[in-house]
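To keep things clear, I will list the structure first and then write my remarks on it.
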Amino acid sequence: MGTPSGPSRRRCIPWNRLLLAAMLPRPVITSNNSNPWEHQDTVVLTCGPETQNTSYMWWINNQSLPNSTRLELSEDKRTLTVFNVTRNDTGPYVCEAWNPVSVSRSDPFTLNVLYPVAQPSLQASNTTVIEHEGPVVLTCLTDETGISIRWFFKGRSLLLAQRMTLSSDNSTLTIDPVSRQDAGDYQCEVSNRGNSSRSDPLSLHVKNKLTPESSSDLSAGAIVGIVIGAMAGVALIGALVYFVYVISTRGASDQRDLTEHKSSDHNHSQGHSDSSPEKVDEVEYSSLNFNAQELKNKATSASPSPTNTETIYSEVKKQ
């Protein structure tokens with residue numbers, strides 16, 4: 001028989017070589033830096049183990065490598081270098097080893113690129129609430145991905161109470177109902193493996209709830225206070241008016257009586273000589289008498305009669 005030719009002709013491969021090709025191991029990707037910093041580090045990825053008569057190929061995000069000055073393959077293509085890694089270079093990366101009769105791919109490999117996270121902001125559905133009411137929803141706002149979120153209350157890690165609920169990604173904190181113990185400063189913190197950033201404090205104010213009973217009591221107390229104050233003011237004004245009236249009346253009466261007595265005493269003292277060698281101190285005596293029968297006697301008799309008098313004021317002055 002002749003030797004087959006044309007399309008029907010097959011290449012004969014020794015069975016031992018076929019067996020070797022069938023046993024091609026699964027490649028594994030290794031890295032020289034497991035936590036590179038963005039815009040700072042260069043990463044070298046290697047597809048191994050090295051196998052004779054084997055070629056290698058790379059994929060990133062299930063696509064062949066793009067043309068980029070930051071990506072470089074070694075001559076045998078087993079090594080991929082990524083210069084000045086960025087967060088967009090995280091991957092996943094897959095390398096493939098193949099020969100004419102066998103193909104084997106590695107498991108996906110993802111770079112953990114570290115980068116400074118931006119400061120998050122904290123937002124509240126309401127910053128001033130009434131006690132025992134709610135809910136209050138606090139939301140941690142950030143554009144970062146691949147981060148974890150923690151909550152802080154008054155500068156310390158927040159201890160969740162039964163009234164508090166966190167969303168699945170920890171970005172939202174719900175408090176329902178609100179207690180006076182919940183008043184204070186809240187913060188959220190975002191972090192990755194190499195960096196973290198905390199938001200500015202947000203203050204939650206909790207006011208006491210006024211019941212109808214307490215409102216009524218307060219109103220009644222205010223009314224009583226106003227009434228008492230008004231009464232006290234009226235009494236004080238009345239006392240002042242009475243005091244001024246008494247002083248004015250007494251002063252006028254005293255002045256009139258003193259004038260009469262001074263005139264009488266002056267006429268009486270004219271009979272004494274001022275030229276006495278031993279001049280004694282002059283004493284002026286004044287008294288105020290009230291004659292209860294004077295008006296009656298004047299009405300019943302033209303001639304005066306002895307009546308009883310009562311002294312209600314007297315004054316002695318030394319001149």
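Chain labels A, B, ... are given in the sequence in which chains occur in the structure tokens; within each chain residues are numbered consecutively from 1, and ligands are likewise numbered from 1 in the order shown.
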
Which residues of stretch 144-205 of chain A have any atom within 12 Å of an atom in stretch 31-39 of chain A when counting only C-alpha atoms, and what is the closest pair of atoms for each, with the distance in Å to one decimal? Order the rows by chain and rising number and write it as a tab-separated table.
residue	atom	partner	partner_atom	distance
A:Asn192	CA	A:Asn35	CA	11.0
A:Arg193	CA	A:Asn35	CA	8.4
A:Gly194	CA	A:Asn35	CA	8.2
A:Asn195	CA	A:Trp37	CA	10.4

Identify, with DSSP run on backbone atoms, the residues in stretch 104-134 of chain A assigned to strand (DSSP E or B), and express the list as an mmCIF file with C-alpha atoms, in the first residue's frame.
data_model
loop_
_atom_site.group_PDB
_atom_site.id
_atom_site.type_symbol
_atom_site.label_atom_id
_atom_site.label_comp_id
_atom_site.auth_asym_id
_atom_site.auth_seq_id
_atom_site.Cartn_x
_atom_site.Cartn_y
_atom_site.Cartn_z
ATOM 1 C CA SER A 104 -4.700 24.885 30.645
ATOM 2 C CA ARG A 105 -5.789 28.133 32.345
ATOM 3 C CA PHE A 109 -5.855 36.590 40.168
ATOM 4 C CA LEU A 114 -4.024 50.365 47.829
ATOM 5 C CA SER A 121 -19.720 62.764 54.254
ATOM 6 C CA LEU A 122 -22.566 62.065 56.646
ATOM 7 C CA GLN A 123 -26.189 62.946 55.922
ATOM 8 C CA ALA A 124 -29.230 62.745 58.219
ATOM 9 C CA THR A 128 -33.441 67.626 65.500
ATOM 10 C CA VAL A 129 -36.060 65.092 66.610
ATOM 11 C CA ILE A 130 -38.554 64.564 69.420
#

Expected answer as a list of chain:residue names: alpha helix (DSSP H) residues in stretch 20-216 of chain A: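 Taking stretch 20-216 of chain A and keeping alpha helix (DSSP H) only, one gets A:Leu20, A:Ala21, A:Ala22, A:Pro212, A:Glu213, A:Ser214, A:Ser215, A:Ser216.
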
So that I have them on file, write out the residues from the current selection with all heavy atoms, as a CSV table (one decimal), in the first residue's frame.
chain,number,residue,atom,x,y,z
A,20,LEU,N,2.5,13.2,27.8
A,20,LEU,CA,3.1,14.3,28.5
A,20,LEU,C,2.3,15.6,28.2
A,20,LEU,O,2.1,16.4,29.2
A,20,LEU,CB,4.5,14.5,27.9
A,20,LEU,CG,5.3,15.7,28.5
A,20,LEU,CD1,5.5,15.5,30.0
A,20,LEU,CD2,6.7,15.8,27.8
A,21,ALA,N,1.7,15.7,27.0
A,21,ALA,CA,0.9,16.9,26.7
A,21,ALA,C,-0.4,16.8,27.5
A,21,ALA,O,-0.9,17.8,28.0
A,21,ALA,CB,0.6,16.9,25.2
A,22,ALA,N,-0.9,15.7,27.7
A,22,ALA,CA,-2.2,15.6,28.5
A,22,ALA,C,-2.0,15.9,29.9
A,22,ALA,O,-2.9,16.3,30.6
A,22,ALA,CB,-2.7,14.2,28.3
A,212,PRO,N,-49.8,66.2,77.0
A,212,PRO,CA,-50.8,67.2,77.2
A,212,PRO,C,-50.9,67.5,78.7
A,212,PRO,O,-51.3,68.7,79.1
A,212,PRO,CB,-52.1,66.4,76.8
A,212,PRO,CG,-51.6,65.4,75.8
A,212,PRO,CD,-50.2,65.1,76.2
A,213,GLU,N,-50.6,66.6,79.6
A,213,GLU,CA,-50.7,66.9,81.0
A,213,GLU,C,-49.7,67.9,81.4
A,213,GLU,O,-49.9,68.9,82.2
A,213,GLU,CB,-50.5,65.6,81.9
A,213,GLU,CG,-51.7,64.6,81.8
A,213,GLU,CD,-51.6,63.8,80.5
A,213,GLU,OE1,-50.6,64.0,79.7
A,213,GLU,OE2,-52.6,63.1,80.2
A,214,SER,N,-48.4,67.7,80.9
A,214,SER,CA,-47.4,68.7,81.3
A,214,SER,C,-47.7,70.0,80.7
A,214,SER,O,-47.4,71.1,81.3
A,214,SER,CB,-46.0,68.1,80.8
A,214,SER,OG,-46.0,68.0,79.4
A,215,SER,N,-48.3,70.1,79.5
A,215,SER,CA,-48.6,71.4,78.9
A,215,SER,C,-49.7,72.1,79.7
A,215,SER,O,-49.6,73.3,79.9
A,215,SER,CB,-49.1,71.1,77.4
A,215,SER,OG,-48.1,70.5,76.7
A,216,SER,N,-50.7,71.3,80.2
A,216,SER,CA,-51.7,72.0,81.0
A,216,SER,C,-51.2,72.5,82.3
A,216,SER,O,-51.5,73.6,82.8
A,216,SER,CB,-52.9,71.0,81.3
A,216,SER,OG,-53.4,70.5,80.1

Distance query A:Asn88 at most 12 Å, only C-alpha atoms, self and fewer than 5 positions along chain excluded, as a ChimeraX atom specification: /A:38-39,60-61,82,110-115,145

Spatial neighbours of stretch 155-165 of chain A, 7 Å, only C-alpha atoms, chain gap at least 6 places, as a PyMOL selection string: chain A and resi 173-177

All residues 8 Å or closer to stretch 74-78 of chain A, only C-alpha atoms, same chain fewer than 5 positions away omitted, as number ranges by chain: A: 46-48, 50, 55-57

Length of the atom CA of A:Pro135 to atom CA of A:Val190 vector [Å]: 24.0 Å

Which residue of A:Asp182, A:Asp143, A:Glu189, A:Asp41 approaches A:Asp89 most closely, using only C-alpha atoms: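 Nearest candidate to A:Asp89 out of A:Asp182, A:Asp143, A:Glu189, A:Asp41: A:Asp41.
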
Separation of atom CA of A:Pro120 from atom CA of A:His132, in Å and rounded to one decimal: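 Straight-line distance from atom CA of A:Pro120 to atom CA of A:His132 works out to 29.2 Å.
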